[in-house]
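Reproduced below: entry-v3.cif, with mmCIF, C-alpha atoms.
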```cif
data_entry
loop_
_atom_site.label_atom_id
_atom_site.label_comp_id
_atom_site.auth_asym_id
_atom_site.auth_seq_id
_atom_site.Cartn_x
_atom_site.Cartn_y
_atom_site.Cartn_z
CA MET Z 226 0.00 0.00 0.00
CA THR Z 227 1.22 3.48 -0.82
CA TRP Z 228 -0.15 6.40 1.19
CA LEU Z 229 -0.21 9.63 -0.78
CA PRO Z 230 -0.79 13.11 0.62
CA PHE Z 231 -4.28 14.61 0.49
CA ASP Z 232 -4.93 18.09 1.86
CA LEU Z 233 -8.47 17.56 3.11
CA HIS Z 234 -9.06 21.10 4.37
CA PRO Z 235 -6.79 23.63 2.66
CA GLU Z 236 -9.15 26.37 3.87
CA TYR Z 237 -8.16 25.83 7.51
CA PRO Z 238 -5.89 28.55 8.89
CA ALA Z 239 -2.35 27.55 9.88
CA GLU Z 240 -3.37 27.23 13.54
CA GLY Z 241 -6.31 24.95 12.69
CA ILE Z 242 -9.91 25.48 13.72
CA PRO Z 243 -11.61 25.14 17.10
CA ARG Z 244 -13.12 21.67 17.48
CA GLU Z 245 -16.46 23.36 18.27
CA GLN Z 246 -16.68 24.31 14.59
CA LEU Z 247 -16.55 20.63 13.67
CA HIS Z 248 -19.26 19.90 16.24
CA ALA Z 249 -21.40 22.66 14.75
CA ARG Z 250 -20.95 21.21 11.25
CA TYR Z 251 -21.54 17.51 12.03
CA GLY Z 252 -23.42 17.53 15.33
CA SER Z 253 -22.24 16.76 18.81
CA SER Z 254 -22.83 13.01 18.44
CA PHE Z 255 -20.28 12.87 15.59
CA HIS Z 256 -17.43 12.06 17.98
CA ASP Z 257 -19.47 9.45 19.84
CA ARG Z 258 -20.13 7.59 16.58
CA LEU Z 259 -16.46 7.74 15.62
CA ARG Z 260 -15.38 6.59 19.07
CA GLU Z 261 -17.72 3.58 18.72
CA ARG Z 262 -16.39 2.72 15.25
CA PHE Z 263 -12.81 2.96 16.46
CA ALA Z 264 -13.61 0.74 19.47
CA GLU Z 265 -15.19 -1.86 17.17
CA GLU Z 266 -11.80 -2.14 15.47
CA GLY Z 267 -9.85 -2.18 18.74
CA LEU Z 268 -8.58 1.36 18.25
CA VAL Z 269 -8.50 4.36 20.56
CA TYR Z 270 -10.35 7.52 19.49
CA ASN Z 271 -8.84 10.44 21.34
CA PRO Z 272 -8.10 13.41 19.02
CA PRO Z 273 -7.09 16.79 20.45
CA PRO Z 274 -10.12 18.17 22.32
CA ASP Z 275 -9.68 21.82 21.38
CA VAL Z 276 -8.36 21.97 17.82
CA VAL Z 277 -8.72 20.38 14.40
CA PRO Z 278 -5.30 21.00 12.89
CA ASN Z 279 -4.27 22.26 9.51
CA THR Z 280 -2.27 19.25 8.32
CA MET Z 281 -0.24 20.79 5.50
CA GLY Z 282 2.91 20.78 7.64
CA ALA Z 283 2.38 17.12 8.57
CA LEU Z 284 1.83 16.22 4.92
CA ARG Z 285 5.00 18.06 3.91
CA VAL Z 286 7.06 16.40 6.67
CA SER Z 287 5.66 13.05 5.54
CA GLU Z 288 6.99 13.76 2.06
CA LEU Z 289 10.44 14.46 3.53
CA ALA Z 290 10.11 11.14 5.33
CA ARG Z 291 9.22 9.42 2.03
CA GLU Z 292 12.47 10.68 0.52
CA ARG Z 293 14.42 9.42 3.56
CA GLY Z 294 12.82 5.97 3.48
CA LEU Z 295 10.85 6.68 6.66
CA HIS Z 296 7.37 7.39 5.33
CA ALA Z 297 5.63 4.42 6.96
CA PRO Z 298 6.98 5.02 10.48
CA VAL Z 299 6.37 8.78 10.28
CA HIS Z 300 2.85 8.29 8.89
CA ASP Z 301 2.02 5.74 11.59
CA ARG Z 302 3.48 7.92 14.35
CA LEU Z 303 1.49 10.97 13.25
CA MET Z 304 -1.72 8.93 13.05
CA ASP Z 305 -1.21 7.49 16.53
CA ALA Z 306 -0.26 10.89 17.95
CA TYR Z 307 -3.38 12.55 16.57
CA TRP Z 308 -6.05 9.87 16.92
CA ALA Z 309 -4.95 8.11 20.12
CA GLU Z 310 -2.78 10.61 22.01
CA ALA Z 311 -4.67 13.89 21.42
CA ARG Z 312 -1.56 15.60 20.03
CA ASN Z 313 -1.87 18.55 17.68
CA ILE Z 314 0.00 17.48 14.55
CA GLY Z 315 -0.58 20.94 13.09
CA ASP Z 316 1.70 22.53 15.68
CA PRO Z 317 5.21 22.78 14.19
CA ALA Z 318 6.96 22.14 17.53
CA GLU Z 319 4.84 19.04 18.19
CA LEU Z 320 5.33 17.85 14.63
CA ARG Z 321 9.09 18.23 14.94
CA VAL Z 322 9.19 16.16 18.14
CA LEU Z 323 7.14 13.38 16.55
CA ALA Z 324 9.19 13.31 13.34
CA VAL Z 325 12.49 13.19 15.20
CA GLU Z 326 11.16 10.35 17.42
CA VAL Z 327 11.03 8.10 14.37
CA GLY Z 328 14.34 9.08 12.86
CA LEU Z 329 14.04 12.27 10.80
CA ASP Z 330 16.74 14.86 11.25
CA GLY Z 331 15.47 17.80 13.30
CA ALA Z 332 17.27 20.37 11.17
CA GLU Z 333 15.68 18.98 8.01
CA VAL Z 334 12.25 19.00 9.63
CA ASP Z 335 12.79 22.61 10.71
CA GLU Z 336 13.79 23.56 7.18
CA VAL Z 337 10.66 21.96 5.70
CA LEU Z 338 8.38 23.58 8.27
CA SER Z 339 9.90 27.04 7.88
CA GLY Z 340 9.63 27.08 4.08
CA GLU Z 341 7.48 25.82 1.24
CA GLU Z 342 9.33 22.60 0.41
CA TYR Z 343 7.00 19.76 -0.69
CA ARG Z 344 3.92 22.03 -0.82
CA ASP Z 345 3.68 21.71 -4.60
CA ARG Z 346 3.94 17.91 -4.35
CA VAL Z 347 1.15 17.77 -1.75
CA LEU Z 348 -1.08 20.05 -3.83
CA ALA Z 349 -0.40 18.08 -7.04
CA GLN Z 350 -1.18 14.75 -5.36
CA THR Z 351 -4.35 16.23 -3.85
CA ALA Z 352 -5.46 17.52 -7.27
CA GLN Z 353 -4.76 14.15 -8.86
CA ALA Z 354 -6.79 12.37 -6.17
CA VAL Z 355 -9.70 14.77 -6.64
CA SER Z 356 -9.54 14.23 -10.41
CA ILE Z 357 -10.23 10.50 -9.96
CA GLY Z 358 -13.09 11.07 -7.51
CA ILE Z 359 -11.48 11.09 -4.09
CA THR Z 360 -13.29 13.59 -1.90
CA GLY Z 361 -12.07 12.66 1.57
CA VAL Z 362 -9.77 10.49 3.58
CA PRO Z 363 -9.09 7.72 3.51
CA GLY Z 364 -9.60 6.92 -0.13
CA PHE Z 365 -8.36 3.68 -1.65
CA LEU Z 366 -7.71 3.06 -5.33
CA LEU Z 367 -7.62 -0.70 -5.79
CA ASP Z 368 -5.78 -2.15 -8.77
CA ARG Z 369 -5.89 1.31 -10.35
CA ARG Z 370 -9.53 0.82 -11.27
CA LEU Z 371 -11.86 0.63 -8.26
CA LEU Z 372 -12.28 3.43 -5.75
CA VAL Z 373 -13.33 2.82 -2.13
CA LEU Z 374 -14.01 5.98 -0.17
CA GLY Z 375 -13.94 6.36 3.58
CA ALA Z 376 -13.06 4.14 6.50
CA GLN Z 377 -15.01 1.05 5.55
CA PRO Z 378 -15.52 -2.29 7.30
CA GLN Z 379 -13.61 -5.31 6.07
CA GLU Z 380 -16.68 -6.64 4.24
CA VAL Z 381 -16.66 -3.66 1.87
CA PHE Z 382 -13.07 -4.40 0.88
CA GLU Z 383 -13.83 -8.12 0.48
CA ARG Z 384 -16.67 -7.26 -1.93
CA ALA Z 385 -14.42 -4.78 -3.77
CA PHE Z 386 -11.66 -7.34 -4.24
CA ALA Z 387 -14.22 -9.95 -5.36
CA GLN Z 388 -15.52 -7.45 -7.90
CA LEU Z 389 -11.98 -6.91 -9.19
CA ASP Z 390 -11.42 -10.67 -9.46
CA SER Z 391 -14.62 -11.16 -11.44
CA GLY Z 392 -14.10 -8.23 -13.77
#
```

Target format structure tokens, applied to this file:
Amino acid sequence: MTWLPFDLHPEYPAEGIPREQLHARYGSSFHDRLRERFAEEGLVYNPPPDVVPNTMGALRVSELARERGLHAPVHDRLMDAYWAEARNIGDPAELRVLAVEVGLDGAEVDEVLSGEEYRDRVLAQTAQAVSIGITGVPGFLLDRRLLVLGAQPQEVFERAFAQLDSG
């Protein structure tokens, strides 16, 4: 599997948005439903309580990690930090700590976060994903011909792979 960057909310300011805005958009029970779905899969749902981050910095640092052969561990660390540990992966200082934990050079991370490096790559990958119908995360393109959108149960993927095998 290859994870590619997707800037889900480019309209968010650099500091992110207050979580209350997300509650206003999707309803207060939104988090309860997600917590239940995570629990069904044996996962912890504990995002930062006050902020929904702008993830452009995290996406750009992940692209640095890809070039250094560390994309998988950086991606996994950022996901765990955000979803299970309530850490704000939009905060450059927090992002630096997390990236260095899994082996990226702090000076390189600082350079990426202080400039525009990898922004064009993230935007191009996002545009490409949108062009094939991806509208959110996660989005899975199976065998370059079947799109599965969203966090789906295993049965959805089983049906998708069966459809690929029969077609």

Here's the selection I'm unsure about, the PyMOL selection byres ((chain Z and resi 317) around 10); applied to the file above, which residues does it give, as number ranges by chain?
Z: 239-240, 282-283, 313-316, 318-323, 334-335, 338-339

Ranking Z:Tyr343, Z:Phe382, Z:Phe365, Z:Trp308 by minimum distance to Met226 in chain Z and counting all atoms listed in the file, which one comes first?
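Smallest distance to Met226 in chain Z is found for Z:Phe365.
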
Would you list the contacts of Ile359 in chain Z as a PyMOL selection string, taking every protein, DNA or RNA residue within 12 Å and counting only C-alpha atoms, but skipping same-chain residues closer than 3 positions in sequence?
chain Z and resi 229-233+350-356+362-366+371-375

Measuring atom to atom with all atoms listed in the file, identify which of Z:Pro298, Z:Arg244, Z:Ala290, Z:Tyr251 is nearest to Asp275 in chain Z.
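Ranking Z:Pro298, Z:Arg244, Z:Ala290, Z:Tyr251 by distance to Asp275 in chain Z, first place goes to Z:Arg244.
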
So which one's closest to Glu326 in chain Z, Z:Glu341, Z:Arg291, Z:Ala306, Z:Val347? Using only C-alpha atoms, please.
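The answer is Z:Ala306, which sits nearest to Glu326 in chain Z.
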
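Of the residues under consideration (Z:Trp228, Z:Tyr270, Z:Phe263, Z:Phe386), Z:Tyr270 shows the shortest atom-to-atom contact distance to Arg312 in chain Z when counting only C-alpha atoms.
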
Mind checking which residues fall within 12 Å of range 309-311 of chain Z, counting only C-alpha atoms, ignoring those fewer than 4 positions away in the same chain, and posting them as a list in words?
Arg260, Phe263, Ala264, Gly267, Leu268, Val269, Tyr270, Asn271, Pro272, Pro273, Pro274, Asp275, Val276, Val277, Pro278, Asp301, Arg302, Leu303, Met304, Asp305, Gly315, Glu319 and Leu323 of chain Z

In Å and to one decimal, CA of Asn279 in chain Z is distant from CA of Gly331 in chain Z by 20.6 Å

Can you work out the spacing between CA of Ile357 in chain Z and CA of Arg370 in chain Z in Å, to one decimal?
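Spanning CA of Ile357 in chain Z to CA of Arg370 in chain Z is a straight-line distance of 9.8 Å.
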
From the list Z:Leu329, Z:Arg344, Z:His256, Z:Ile242, which residue is nearest Gly294 in chain Z when using only C-alpha atoms?
Z:Leu329

To one decimal place, how far is CA of Asp330 in chain Z from CA of Arg285 in chain Z in Å?
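Separating CA of Asp330 in chain Z from CA of Arg285 in chain Z is a distance of 14.2 Å.
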
Take every atom of range 263-266 of chain Z listed in the file, fit an axis-aligned box around them, add 4 Å per side, and give the centre and edge lengths in Å to one decimal as JSON.
```
{"center_x": -13.5, "center_y": 0.4, "center_z": 17.5, "size_x": 11.4, "size_y": 13.1, "size_z": 12.0}
```
